[in-house]
>>> print(open('structure20.cif').read())   # mmCIF, C-alpha atoms and all ligand atoms
data_my_file
loop_
_atom_site.label_atom_id
_atom_site.label_comp_id
_atom_site.auth_asym_id
_atom_site.auth_seq_id
_atom_site.Cartn_x
_atom_site.Cartn_y
_atom_site.Cartn_z
CA MET A 877 236.62 110.88 248.30
CA ILE A 878 233.41 111.16 250.36
CA PRO A 879 230.41 110.05 248.24
CA SER A 880 227.78 112.56 247.15
CA LEU A 881 224.49 112.38 248.97
CA LEU A 882 222.82 114.91 246.71
CA ASP A 883 223.87 115.82 243.19
CA VAL A 884 221.80 118.27 241.19
CA ARG A 885 222.91 118.94 237.62
CA HIS A 886 221.74 121.89 235.51
CA CYS A 887 218.46 122.62 237.24
CA PHE A 888 216.05 125.24 235.84
CA VAL A 889 212.77 126.49 237.32
CA THR A 890 210.51 128.72 235.23
CA ASP A 891 207.24 130.42 236.10
CA ALA A 892 203.98 130.29 234.14
CA ARG A 893 205.23 133.06 231.81
CA GLY A 894 208.42 131.15 231.07
CA GLN A 895 210.61 133.47 233.13
CA ALA A 896 213.56 131.91 234.89
CA LEU A 897 213.44 131.76 238.68
CA ILE A 898 216.33 129.28 238.87
CA HIS A 899 218.76 129.15 235.98
CA ASP A 900 221.27 126.35 235.53
CA VAL A 901 221.89 125.51 239.19
CA SER A 902 224.23 122.60 239.88
CA LEU A 903 224.85 121.63 243.48
CA SER A 904 226.27 118.66 245.31
CA VAL A 905 226.28 117.78 249.00
CA ARG A 906 228.55 115.05 250.30
CA GLU A 907 227.77 112.85 253.28
CA SER A 908 228.18 114.71 256.61
CA GLU A 909 229.03 117.93 254.80
CA CYS A 910 227.82 121.34 255.92
CA ILE A 911 226.99 123.80 253.13
CA GLY A 912 225.75 127.35 253.46
CA ILE A 913 223.72 129.13 250.77
CA ILE A 914 223.85 132.92 250.80
CA GLY A 915 222.49 135.66 248.57
CA GLU A 916 220.24 138.70 248.61
CA SER A 917 216.51 138.43 249.08
CA GLY A 918 214.93 137.08 245.88
CA SER A 919 218.14 135.42 244.66
CA GLY A 920 216.45 132.01 244.48
CA LYS A 921 217.62 130.28 247.67
CA THR A 922 214.17 129.14 248.77
CA MET A 923 213.20 128.21 245.22
CA THR A 924 216.28 125.97 245.01
CA ALA A 925 215.33 124.33 248.31
CA ARG A 926 211.75 123.78 247.16
CA ALA A 927 212.96 122.29 243.88
CA LEU A 928 215.13 119.81 245.82
CA LEU A 929 212.25 118.90 248.10
CA GLY A 930 209.71 118.44 245.31
CA LEU A 931 207.64 121.27 246.82
CA LEU A 932 207.30 123.61 243.85
CA SER A 933 203.81 124.95 243.21
CA GLU A 934 202.02 123.53 240.17
CA ASP A 935 202.41 126.68 238.07
CA LEU A 936 206.20 126.32 238.13
CA LYS A 937 208.14 124.09 235.75
CA LEU A 938 211.24 122.16 236.79
CA GLN A 939 213.83 120.87 234.34
CA ALA A 940 217.16 119.30 235.21
CA GLU A 941 219.77 117.05 233.71
CA ALA A 942 219.84 114.95 236.91
CA MET A 943 218.75 115.14 240.54
CA ILE A 944 220.46 112.29 242.35
CA LEU A 945 219.53 111.79 246.00
CA GLY A 946 220.92 108.87 247.96
CA GLY A 947 221.99 107.19 244.71
CA GLN A 948 218.59 107.49 242.98
CA ASP A 949 217.74 109.90 240.18
CA LEU A 950 214.55 111.58 241.36
CA LEU A 951 213.64 112.56 237.81
CA THR A 952 213.21 108.94 236.78
CA LEU A 953 210.94 107.99 239.70
CA SER A 954 207.15 108.12 239.94
CA PRO A 955 205.82 111.03 242.07
CA LYS A 956 205.07 108.61 244.92
CA ALA A 957 208.51 106.97 244.85
CA ARG A 958 210.15 110.41 244.60
CA ARG A 959 208.29 111.65 247.68
CA GLN A 960 209.30 108.50 249.55
CA VAL A 961 213.02 108.95 248.72
CA ILE A 962 212.96 112.66 249.57
CA SER A 963 211.11 112.28 252.86
CA SER A 964 213.28 109.40 254.04
CA THR A 965 216.55 111.17 253.16
CA ILE A 966 215.93 114.88 253.81
CA GLY A 967 214.63 116.54 256.96
CA PHE A 968 213.28 120.01 256.20
CA VAL A 969 213.24 122.90 258.65
CA PRO A 970 211.34 125.89 257.27
CA GLN A 971 211.63 129.62 257.71
CA ASN A 972 208.15 130.17 259.05
CA THR A 973 207.60 128.31 262.31
CA VAL A 974 203.92 129.20 262.48
CA ALA A 975 202.74 128.19 259.01
CA TYR A 976 204.55 124.86 258.98
CA LEU A 977 202.74 123.38 261.98
CA HIS A 978 199.00 122.81 261.75
CA PRO A 979 197.37 124.94 264.46
CA LEU A 980 194.59 122.46 265.27
CA ILE A 981 196.64 119.26 265.56
CA ARG A 982 198.55 118.32 268.70
CA ILE A 983 202.33 118.19 268.39
CA ARG A 984 202.32 114.44 269.16
CA ASN A 985 200.34 113.72 265.99
CA GLN A 986 202.29 116.06 263.76
CA ILE A 987 205.71 114.93 264.90
CA THR A 988 204.97 111.21 264.53
CA ASP A 989 203.04 111.46 261.26
CA GLY A 990 205.94 111.05 258.77
CA TYR A 991 207.58 108.29 260.84
CA LEU A 992 204.36 106.27 260.92
CA ALA A 993 203.56 106.97 257.25
CA GLN A 994 206.91 105.49 256.33
CA GLY A 995 206.25 102.42 258.48
CA LEU A 996 209.36 102.99 260.59
CA GLY A 997 207.74 101.74 263.82
CA THR A 998 204.63 101.48 265.95
CA PRO A 999 202.76 104.53 267.36
CA LYS A 1000 204.28 103.77 270.77
CA GLU A 1001 207.82 103.65 269.35
CA ALA A 1002 207.14 106.88 267.47
CA LEU A 1003 206.15 108.64 270.68
CA VAL A 1004 209.22 107.37 272.54
CA LYS A 1005 211.43 108.62 269.72
CA ALA A 1006 209.63 111.98 269.56
CA GLU A 1007 210.08 112.45 273.30
CA GLN A 1008 213.80 111.65 273.08
CA LEU A 1009 214.28 114.00 270.14
CA LEU A 1010 212.39 116.85 271.81
CA ALA A 1011 214.63 116.43 274.85
CA SER A 1012 217.73 116.36 272.64
CA VAL A 1013 216.79 119.68 271.03
CA GLY A 1014 216.52 121.33 274.44
CA ILE A 1015 212.83 120.96 275.31
CA GLN A 1016 212.70 120.41 279.04
CA ASP A 1017 209.20 119.00 279.35
CA PRO A 1018 208.72 116.89 276.20
CA GLN A 1019 205.66 115.02 277.44
CA ARG A 1020 203.78 118.26 278.00
CA VAL A 1021 204.89 119.67 274.64
CA LEU A 1022 203.72 116.52 272.86
CA ASN A 1023 200.23 117.23 274.14
CA ASN A 1024 200.32 120.92 273.24
CA TYR A 1025 198.93 122.65 270.18
CA PRO A 1026 201.43 124.85 268.28
CA GLY A 1027 199.73 128.05 269.49
CA GLU A 1028 200.61 127.12 273.08
CA LEU A 1029 204.35 127.23 272.29
CA SER A 1030 206.74 130.14 271.80
CA GLY A 1031 208.43 130.71 268.42
CA GLY A 1032 211.68 129.21 269.70
CA MET A 1033 209.88 126.12 271.04
CA ARG A 1034 208.02 125.67 267.75
CA GLN A 1035 211.27 125.80 265.84
CA ARG A 1036 212.78 123.21 268.19
CA VAL A 1037 209.72 121.04 267.49
CA ASN A 1038 210.30 121.49 263.75
CA ILE A 1039 213.92 120.42 264.15
CA ALA A 1040 212.92 117.34 266.17
CA MET A 1041 210.29 116.58 263.52
CA ALA A 1042 212.90 116.86 260.76
CA LEU A 1043 215.03 114.29 262.63
CA MET A 1044 212.24 111.72 263.18
CA CYS A 1045 213.04 109.66 260.08
CA ASP A 1046 216.82 109.75 260.68
CA PRO A 1047 217.55 111.86 257.59
CA GLN A 1048 220.99 111.94 256.03
CA LEU A 1049 220.53 115.59 255.14
CA ILE A 1050 218.85 118.48 256.94
CA LEU A 1051 217.77 121.31 254.70
CA ALA A 1052 217.14 124.43 256.76
CA ASP A 1053 215.72 127.53 255.05
CA GLU A 1054 216.54 130.59 257.14
CA PRO A 1055 215.33 128.64 260.16
CA THR A 1056 215.79 131.41 262.72
CA THR A 1057 214.33 134.39 260.84
CA ALA A 1058 211.18 134.60 262.93
CA LEU A 1059 212.99 134.33 266.29
CA ASP A 1060 214.46 136.94 268.62
CA PRO A 1061 218.28 137.31 268.59
CA ILE A 1062 218.99 135.23 271.71
CA VAL A 1063 216.78 132.33 270.60
CA GLN A 1064 218.21 132.68 267.09
CA LYS A 1065 221.67 132.03 268.46
CA GLN A 1066 220.52 129.06 270.56
CA VAL A 1067 218.62 127.42 267.70
CA THR A 1068 221.45 127.99 265.24
CA GLU A 1069 224.03 126.51 267.60
CA LEU A 1070 221.69 123.55 267.98
CA PHE A 1071 221.72 122.89 264.24
CA PHE A 1072 225.47 122.78 264.05
CA GLN A 1073 225.69 120.68 267.20
CA LEU A 1074 223.28 118.15 265.64
CA HIS A 1075 225.32 118.20 262.46
CA GLN A 1076 228.48 117.44 264.42
CA THR A 1077 227.10 114.81 266.80
CA ARG A 1078 224.83 112.96 264.37
CA HIS A 1079 227.08 113.41 261.32
CA VAL A 1080 224.05 114.46 259.33
CA ALA A 1081 224.76 116.66 256.30
CA LEU A 1082 223.42 120.20 256.59
CA LEU A 1083 222.32 122.54 253.83
CA MET A 1084 221.68 125.86 255.53
CA ILE A 1085 220.17 128.90 253.84
CA SER A 1086 220.94 131.98 255.88
CA HIS A 1087 221.55 135.70 255.76
CA ASN A 1088 223.92 135.38 258.72
CA LEU A 1089 227.22 135.24 256.88
CA ASN A 1090 229.32 135.32 260.06
CA LEU A 1091 227.60 132.22 261.33
CA LEU A 1092 227.94 130.28 258.09
CA ARG A 1093 231.59 131.18 257.99
CA LYS A 1094 232.05 129.67 261.44
CA TYR A 1095 230.46 126.31 260.67
CA CYS A 1096 230.22 125.51 256.94
CA ASP A 1097 232.64 123.44 254.87
CA ARG A 1098 231.52 125.08 251.64
CA ILE A 1099 229.62 128.20 250.66
CA VAL A 1100 227.32 128.66 247.69
CA VAL A 1101 226.57 132.24 246.62
CA MET A 1102 223.38 132.88 244.63
CA TYR A 1103 222.43 135.91 242.58
CA ALA A 1104 219.32 136.38 240.42
CA GLY A 1105 218.53 132.65 240.33
CA GLN A 1106 222.07 131.53 239.51
CA ILE A 1107 225.03 130.26 241.48
CA VAL A 1108 227.73 132.88 240.96
CA GLU A 1109 230.37 131.38 243.23
CA ALA A 1110 230.80 128.14 245.21
CA GLY A 1111 233.82 126.85 247.04
CA PRO A 1112 235.50 126.02 250.35
CA THR A 1113 234.35 128.47 253.05
CA ALA A 1114 237.77 129.96 253.88
CA GLU A 1115 238.54 130.55 250.20
CA VAL A 1116 235.18 132.16 249.46
CA TYR A 1117 235.37 134.47 252.48
CA ASP A 1118 239.08 135.29 252.41
CA TYR A 1119 239.60 135.34 248.63
CA PRO A 1120 236.17 135.94 247.08
CA GLN A 1121 236.51 135.90 243.30
CA HIS A 1122 233.15 137.08 242.05
CA PRO A 1123 232.55 140.85 242.40
CA TYR A 1124 229.09 140.08 243.85
CA THR A 1125 230.60 137.87 246.58
CA GLN A 1126 233.19 140.55 247.26
CA ALA A 1127 230.43 143.13 247.64
CA LEU A 1128 228.32 140.81 249.80
CA ILE A 1129 231.20 140.08 252.15
CA SER A 1130 232.20 143.72 252.36
CA VAL A 1131 228.74 144.65 253.68
CA ILE A 1132 228.78 142.15 256.59
CA PRO A 1133 228.46 144.25 259.77
CA GLN A 1134 231.49 143.87 262.06
CA LEU A 1135 231.20 143.68 265.85
CA ASP A 1136 233.67 146.52 266.34
CA GLN A 1137 231.91 148.76 263.82
CA ASP A 1138 230.75 152.22 264.97
CA PRO A 1139 226.98 151.66 265.61
CA ASN A 1140 226.25 155.21 264.40
CA LEU A 1141 227.53 154.48 260.92
CA PRO A 1142 224.86 153.44 258.39
CA LEU A 1143 224.94 149.79 257.31
CA ALA A 1144 226.69 149.29 253.97
CA GLU A 1145 224.66 148.05 250.99
CA ILE A 1146 225.25 146.93 247.40
CA PRO A 1147 224.03 149.71 245.09
CA GLY A 1148 221.53 148.88 242.33
CA PHE A 1149 218.87 146.22 241.91
CA VAL A 1150 218.63 142.55 240.98
CA PRO A 1151 217.88 142.33 237.20
CA GLU A 1152 214.45 141.54 235.81
CA LYS A 1153 213.65 137.84 235.46
CA ASP A 1154 213.19 138.06 231.68
CA ARG A 1155 216.75 139.28 231.06
CA ASP A 1156 219.10 137.51 228.67
CA ARG A 1157 220.93 135.02 230.88
CA THR A 1158 223.81 134.12 228.62
CA SER A 1159 225.89 137.12 229.77
CA CYS A 1160 226.69 138.19 233.34
CA LEU A 1161 223.58 139.16 235.34
CA PHE A 1162 225.58 141.24 237.81
CA ALA A 1163 227.16 143.43 235.10
CA ASP A 1164 224.89 146.45 235.71
CA ARG A 1165 225.94 146.63 239.38
CA CYS A 1166 229.53 145.54 238.97
CA ARG A 1167 232.38 147.98 239.62
CA LEU A 1168 234.68 145.87 237.43
CA CYS A 1169 232.31 145.56 234.45
CA THR A 1170 233.93 145.75 230.98
CA PRO A 1171 232.23 145.66 227.55
CA GLU A 1172 233.13 141.93 227.28
CA CYS A 1173 230.97 141.23 230.32
CA ARG A 1174 227.92 141.95 228.12
CA GLN A 1175 228.95 139.09 225.81
CA PRO A 1176 227.86 135.45 226.35
CA LEU A 1177 229.84 133.84 229.14
CA THR A 1178 231.33 130.35 229.05
CA ILE A 1179 232.48 129.01 232.39
CA GLN A 1180 234.57 126.14 233.69
CA GLU A 1181 232.15 124.15 235.84
CA GLU A 1182 234.03 121.19 237.26
CA THR A 1183 236.23 123.14 239.64
CA ALA A 1184 236.42 122.98 243.44
CA HIS A 1185 236.01 126.74 243.49
CA PHE A 1186 233.44 127.71 240.88
CA VAL A 1187 233.08 131.34 239.76
CA ARG A 1188 230.63 132.69 237.18
CA CYS A 1189 232.74 135.66 236.08
CA ARG A 1190 235.04 136.08 233.09
CA ASN A 1191 237.40 138.29 235.11
CA ALA A 1192 237.95 135.77 237.89
CA GLU A 1193 241.23 133.89 238.01
CA GLY A 1194 241.15 130.53 236.26
CA VAL A 1195 237.90 131.20 234.39
N1 LIG A 1201 205.25 130.75 243.00
C1 LIG A 1201 206.02 131.68 242.41
N2 LIG A 1201 205.75 132.10 241.15
C2 LIG A 1201 206.52 133.01 240.51
N3 LIG A 1201 207.61 133.57 241.09
C3 LIG A 1201 207.94 133.20 242.33
C4 LIG A 1201 207.17 132.24 243.07
N4 LIG A 1201 207.75 132.07 244.29
C5 LIG A 1201 208.84 132.89 244.31
N5 LIG A 1201 208.96 133.56 243.14
C6 LIG A 1201 210.03 134.50 242.76
O1 LIG A 1201 211.23 133.73 242.62
C7 LIG A 1201 212.35 134.51 242.96
C8 LIG A 1201 213.22 133.77 243.97
O2 LIG A 1201 212.52 133.73 245.20
P1 LIG A 1201 213.09 132.98 246.49
O3 LIG A 1201 211.96 132.92 247.50
O4 LIG A 1201 213.70 131.71 246.11
O5 LIG A 1201 214.21 134.01 247.00
P2 LIG A 1201 215.15 133.90 248.30
O6 LIG A 1201 216.54 134.06 247.81
O7 LIG A 1201 214.84 132.68 249.08
O8 LIG A 1201 214.71 135.21 249.09
P3 LIG A 1201 214.57 135.45 250.69
O9 LIG A 1201 215.98 135.55 251.21
O10 LIG A 1201 213.83 136.75 250.77
O11 LIG A 1201 213.79 134.30 251.26
C9 LIG A 1201 211.82 135.84 243.50
O12 LIG A 1201 211.93 136.79 242.48
C10 LIG A 1201 210.37 135.53 243.82
O13 LIG A 1201 209.57 136.69 243.66
#
>>> encode(input="structure20.cif", output="structure tokens", more="lines below")
Ligand SMILES: Nc1ncnc2c1ncn2[C@@H]1O[C@H](COP(=O)(O)OP(=O)(O)OP(=O)(O)O)[C@@H](O)[C@H]1O
Amino acid sequence: MIPSLLDVRHCFVTDARGQALIHDVSLSVRESECIGIIGESGSGKTMTARALLGLLSEDLKLQAEAMILGGQDLLTLSPKARRQVISSTIGFVPQNTVAYLHPLIRIRNQITDGYLAQGLGTPKEALVKAEQLLASVGIQDPQRVLNNYPGELSGGMRQRVNIAMALMCDPQLILADEPTTALDPIVQKQVTELFFQLHQTRHVALLMISHNLNLLRKYCDRIVVMYAGQIVEAGPTAEVYDYPQHPYTQALISVIPQLDQDPNLPLAEIPGFVPEKDRDRTSCLFADRCRLCTPECRQPLTIQEETAHFVRCRNAEGV
């Protein structure tokens, strides 16, 4: 059995009014594993990522039974020690390539900052490493880019810089939050392929949040499906895509556009809306939109958690 690199147990995030943004999320990532997180906009994917990274804003409250990263329970550490463990284990690649890089600081200073702060080497060694990493993520003139300001680079170049920056401290896990959203389709494909190539060559675990279900299907070992701040299904990629158990996953997969689809046909969508945050969370949150909903689905739901293929639905097999 491959050891767990990250193990989050029963994590809750609530806002200042006590409304649940993340409700009872449990997630584990094994060494060198590639996991995809999917779900509609607002389902809590970014919030989950921010909770893992210790980047929640101060008005939000985090509670969890355990958050084990690299063998250490983050919840028992001081804020400083927690930041140290997170930044030395996880490399983060954000959605927004512009906001993440400081516009007035040269790339050379931004990319070497974390490495130097962690005392991993001298400034000269940091620059050599940064140059090598920029070259390895497809930047042809790394010395020039190191001297550039972010505004002098294209969106694709900035995202390559972010990826190189995420690799500076030799993380065991890369957490990428819709990392190609701001890029045009051709660059999107290049940058995405780069992620999976890095995952394969460096054996770094990858937790990828994406709306591109076809792409996650191609590369991920496991898929986690989120809905209204909860995980509704999680399991091996082929099983989740070929035999989705939760009606929400079934609906999500049925609306993936196919290459051979008539371009004149409207894109399919899941009817209805995500429930309000203050809704009772003991019963199924998808019930109002579910074609298979029965009166029992409005009753509190007990689920079997320790399964390789987890499904939060009373009608799913094995639940
Ligand atoms: N600081 C905050 N305070 C209160 N609510 C917030 C805050 N940030 C996000 N939310 C809410 O939390 C919920 C989950 O948001 P989140 O950004 O995690 O969704 P997401 O699945 O990543 O969506 P997308 O795919 O659009 O990025 C949303 O309803 C959002 O409005």
>>> residues_near_ligand(input="structure20.cif", ligand="ligand LIG 1201 (chain A)", cutoff="8 Å", atoms="all atoms listed in the file", output="PyMOL selection string")
chain A and resi 890-892+897-898+914-925+932-933+935-936+1053-1054+1086-1087+1102+1104-1105+1153
>>> write_last_selection(input="structure20.cif", atoms="C-alpha atoms", output="PDB file, in the frame of the given file")
ATOM      1  CA  THR A 890     210.510 128.720 235.230  1.00  0.00           C
ATOM      2  CA  ASP A 891     207.240 130.420 236.100  1.00  0.00           C
ATOM      3  CA  ALA A 892     203.980 130.290 234.140  1.00  0.00           C
ATOM      4  CA  LEU A 897     213.440 131.760 238.680  1.00  0.00           C
ATOM      5  CA  ILE A 898     216.330 129.280 238.870  1.00  0.00           C
ATOM      6  CA  ILE A 914     223.850 132.920 250.800  1.00  0.00           C
ATOM      7  CA  GLY A 915     222.490 135.660 248.570  1.00  0.00           C
ATOM      8  CA  GLU A 916     220.240 138.700 248.610  1.00  0.00           C
ATOM      9  CA  SER A 917     216.510 138.430 249.080  1.00  0.00           C
ATOM     10  CA  GLY A 918     214.930 137.080 245.880  1.00  0.00           C
ATOM     11  CA  SER A 919     218.140 135.420 244.660  1.00  0.00           C
ATOM     12  CA  GLY A 920     216.450 132.010 244.480  1.00  0.00           C
ATOM     13  CA  LYS A 921     217.620 130.280 247.670  1.00  0.00           C
ATOM     14  CA  THR A 922     214.170 129.140 248.770  1.00  0.00           C
ATOM     15  CA  MET A 923     213.200 128.210 245.220  1.00  0.00           C
ATOM     16  CA  THR A 924     216.280 125.970 245.010  1.00  0.00           C
ATOM     17  CA  ALA A 925     215.330 124.330 248.310  1.00  0.00           C
ATOM     18  CA  LEU A 932     207.300 123.610 243.850  1.00  0.00           C
ATOM     19  CA  SER A 933     203.810 124.950 243.210  1.00  0.00           C
ATOM     20  CA  ASP A 935     202.410 126.680 238.070  1.00  0.00           C
ATOM     21  CA  LEU A 936     206.200 126.320 238.130  1.00  0.00           C
ATOM     22  CA  ASP A1053     215.720 127.530 255.050  1.00  0.00           C
ATOM     23  CA  GLU A1054     216.540 130.590 257.140  1.00  0.00           C
ATOM     24  CA  SER A1086     220.940 131.980 255.880  1.00  0.00           C
ATOM     25  CA  HIS A1087     221.550 135.700 255.760  1.00  0.00           C
ATOM     26  CA  MET A1102     223.380 132.880 244.630  1.00  0.00           C
ATOM     27  CA  ALA A1104     219.320 136.380 240.420  1.00  0.00           C
ATOM     28  CA  GLY A1105     218.530 132.650 240.330  1.00  0.00           C
ATOM     29  CA  LYS A1153     213.650 137.840 235.460  1.00  0.00           C
TER      30      LYS A1153
END
>>> closest_atom_pairs(input="structure20.cif", of="stretch 1009-1110 of chain A", to="stretch 940-950 of chain A", cutoff="12 Å", atoms="all atoms listed in the file", output="Markdown table")
| residue | atom | partner | partner_atom | distance |
| --- | --- | --- | --- | --- |
| A:Pro1047 | CA | A:Gly946 | CA | 10.6 |
| A:Gln1048 | CA | A:Gly946 | CA | 8.6 |
| A:Leu1049 | CA | A:Gly946 | CA | 9.8 |
>>> residues_near_point(input="structure20.cif", point="(227.7, 129.3, 246.5)", cutoff="9 Å", atoms="all atoms listed in the file", output="PyMOL selection string")
chain A and resi 903+911-915+1098-1102+1107-1111+1116+1186-1187
>>> write_last_selection(input="structure20.cif", atoms="C-alpha atoms", output="short mmCIF file (atom, residue, chain, number, x, y, z; two decimals), in the coordinates of the input")
data_model
loop_
_atom_site.label_atom_id
_atom_site.label_comp_id
_atom_site.auth_asym_id
_atom_site.auth_seq_id
_atom_site.Cartn_x
_atom_site.Cartn_y
_atom_site.Cartn_z
CA LEU A 903 224.85 121.63 243.48
CA ILE A 911 226.99 123.80 253.13
CA GLY A 912 225.75 127.35 253.46
CA ILE A 913 223.72 129.13 250.77
CA ILE A 914 223.85 132.92 250.80
CA GLY A 915 222.49 135.66 248.57
CA ARG A 1098 231.52 125.08 251.64
CA ILE A 1099 229.62 128.20 250.66
CA VAL A 1100 227.32 128.66 247.69
CA VAL A 1101 226.57 132.24 246.62
CA MET A 1102 223.38 132.88 244.63
CA ILE A 1107 225.03 130.26 241.48
CA VAL A 1108 227.73 132.88 240.96
CA GLU A 1109 230.37 131.38 243.23
CA ALA A 1110 230.80 128.14 245.21
CA GLY A 1111 233.82 126.85 247.04
CA VAL A 1116 235.18 132.16 249.46
CA PHE A 1186 233.44 127.71 240.88
CA VAL A 1187 233.08 131.34 239.76
#
>>> residues_around(input="structure20.cif", residues="stretch 1030-1043 of chain A", least_positions_apart="4", cutoff="7 Å", atoms="only C-alpha atoms", output="PyMOL selection string")
chain A and resi 967-969+973+987+1009-1010+1013+1026+1047+1059+1063
>>> atom_distance(input="structure20.cif", atom1="atom CA of A:Tyr1124", atom2="atom CA of A:Val905")
23.1 Å
>>> closest_residue(input="structure20.cif", among="A:Ile1179, A:Leu1029, A:Ile966, A:Ala927", to="A:Leu881", atoms="only C-alpha atoms")
A:Ile966
>>> atom_distance(input="structure20.cif", atom1="atom CA of A:Arg982", atom2="atom CA of A:Thr998")
18.1 Å
>>> residues_around(input="structure20.cif", residues="A:Cys1173", least_positions_apart="2", cutoff="8 Å", atoms="all atoms listed in the file", output="list in words")
Ser1159, Cys1160, Ala1163, Cys1169, Thr1170, Pro1171, Gln1175, Pro1176, Leu1177 and Arg1190 of chain A
>>> atom_distance(input="structure20.cif", atom1="atom CA of A:Ile1050", atom2="atom CA of A:Pro970")
10.6 Å
>>> residues_around(input="structure20.cif", residues="A:Ser880", least_positions_apart="6", cutoff="7 Å", atoms="only C-alpha atoms", output="list in words")
Ser904, Val905, Arg906 and Glu907 of chain A
>>> closest_residue(input="structure20.cif", among="A:Ala1052, A:Val1067, A:Ala1192, A:Cys1096", to="A:Gln1126", atoms="all atoms listed in the file")
A:Ala1192
>>> residues_near_point(input="structure20.cif", point="(228.8, 115.1, 257.4)", cutoff="6 Å", atoms="all atoms listed in the file", output="NGL selection string")
:A and (907-909 or 1079-1081)
>>> closest_residue(input="structure20.cif", among="A:Ile1085, A:Leu1022, A:Ile1062, A:Val901", to="A:Lys1005", atoms="only C-alpha atoms")
A:Leu1022
>>> build_atoms(input="structure20.cif", residues="stretch 927-944 of chain A", atoms="N, CA and C atoms", output="PDB file, in the frame of the given file")
ATOM      1  N   ALA A 927     212.743 123.182 245.025  1.00  0.00           N
ATOM      2  CA  ALA A 927     212.960 122.290 243.880  1.00  0.00           C
ATOM      3  C   ALA A 927     213.552 120.962 244.364  1.00  0.00           C
ATOM      4  N   LEU A 928     214.497 121.038 245.299  1.00  0.00           N
ATOM      5  CA  LEU A 928     215.130 119.810 245.820  1.00  0.00           C
ATOM      6  C   LEU A 928     214.128 118.946 246.576  1.00  0.00           C
ATOM      7  N   LEU A 929     213.200 119.625 247.256  1.00  0.00           N
ATOM      8  CA  LEU A 929     212.250 118.900 248.100  1.00  0.00           C
ATOM      9  C   LEU A 929     211.009 118.438 247.350  1.00  0.00           C
ATOM     10  N   GLY A 930     210.913 118.797 246.074  1.00  0.00           N
ATOM     11  CA  GLY A 930     209.710 118.440 245.310  1.00  0.00           C
ATOM     12  C   GLY A 930     208.511 119.233 245.786  1.00  0.00           C
ATOM     13  N   LEU A 931     208.740 120.469 246.259  1.00  0.00           N
ATOM     14  CA  LEU A 931     207.640 121.270 246.820  1.00  0.00           C
ATOM     15  C   LEU A 931     207.308 122.503 245.987  1.00  0.00           C
ATOM     16  N   LEU A 932     207.621 122.461 244.694  1.00  0.00           N
ATOM     17  CA  LEU A 932     207.300 123.610 243.850  1.00  0.00           C
ATOM     18  C   LEU A 932     205.795 123.653 243.594  1.00  0.00           C
ATOM     19  N   SER A 933     205.234 124.871 243.506  1.00  0.00           N
ATOM     20  CA  SER A 933     203.810 124.950 243.210  1.00  0.00           C
ATOM     21  C   SER A 933     203.562 124.529 241.761  1.00  0.00           C
ATOM     22  N   GLU A 934     202.315 124.167 241.464  1.00  0.00           N
ATOM     23  CA  GLU A 934     202.020 123.530 240.170  1.00  0.00           C
ATOM     24  C   GLU A 934     202.243 124.437 238.968  1.00  0.00           C
ATOM     25  N   ASP A 935     202.213 125.763 239.203  1.00  0.00           N
ATOM     26  CA  ASP A 935     202.410 126.680 238.070  1.00  0.00           C
ATOM     27  C   ASP A 935     203.879 126.810 237.677  1.00  0.00           C
ATOM     28  N   LEU A 936     204.777 126.217 238.442  1.00  0.00           N
ATOM     29  CA  LEU A 936     206.200 126.320 238.130  1.00  0.00           C
ATOM     30  C   LEU A 936     206.687 125.052 237.436  1.00  0.00           C
ATOM     31  N   LYS A 937     207.636 125.236 236.518  1.00  0.00           N
ATOM     32  CA  LYS A 937     208.140 124.090 235.750  1.00  0.00           C
ATOM     33  C   LYS A 937     209.594 123.820 236.118  1.00  0.00           C
ATOM     34  N   LEU A 938     209.873 122.569 236.421  1.00  0.00           N
ATOM     35  CA  LEU A 938     211.240 122.160 236.790  1.00  0.00           C
ATOM     36  C   LEU A 938     211.848 121.350 235.656  1.00  0.00           C
ATOM     37  N   GLN A 939     213.085 121.680 235.308  1.00  0.00           N
ATOM     38  CA  GLN A 939     213.830 120.870 234.340  1.00  0.00           C
ATOM     39  C   GLN A 939     215.231 120.695 234.900  1.00  0.00           C
ATOM     40  N   ALA A 940     215.785 119.509 234.751  1.00  0.00           N
ATOM     41  CA  ALA A 940     217.160 119.300 235.210  1.00  0.00           C
ATOM     42  C   ALA A 940     217.764 118.151 234.447  1.00  0.00           C
ATOM     43  N   GLU A 941     219.086 118.162 234.380  1.00  0.00           N
ATOM     44  CA  GLU A 941     219.770 117.050 233.710  1.00  0.00           C
ATOM     45  C   GLU A 941     219.720 115.825 234.635  1.00  0.00           C
ATOM     46  N   ALA A 942     219.923 116.044 235.929  1.00  0.00           N
ATOM     47  CA  ALA A 942     219.840 114.950 236.910  1.00  0.00           C
ATOM     48  C   ALA A 942     219.621 115.529 238.303  1.00  0.00           C
ATOM     49  N   MET A 943     218.905 114.771 239.131  1.00  0.00           N
ATOM     50  CA  MET A 943     218.750 115.140 240.540  1.00  0.00           C
ATOM     51  C   MET A 943     218.921 113.852 241.347  1.00  0.00           C
ATOM     52  N   ILE A 944     220.162 113.566 241.687  1.00  0.00           N
ATOM     53  CA  ILE A 944     220.460 112.290 242.350  1.00  0.00           C
ATOM     54  C   ILE A 944     220.438 112.498 243.861  1.00  0.00           C
TER      55      ILE A 944
END
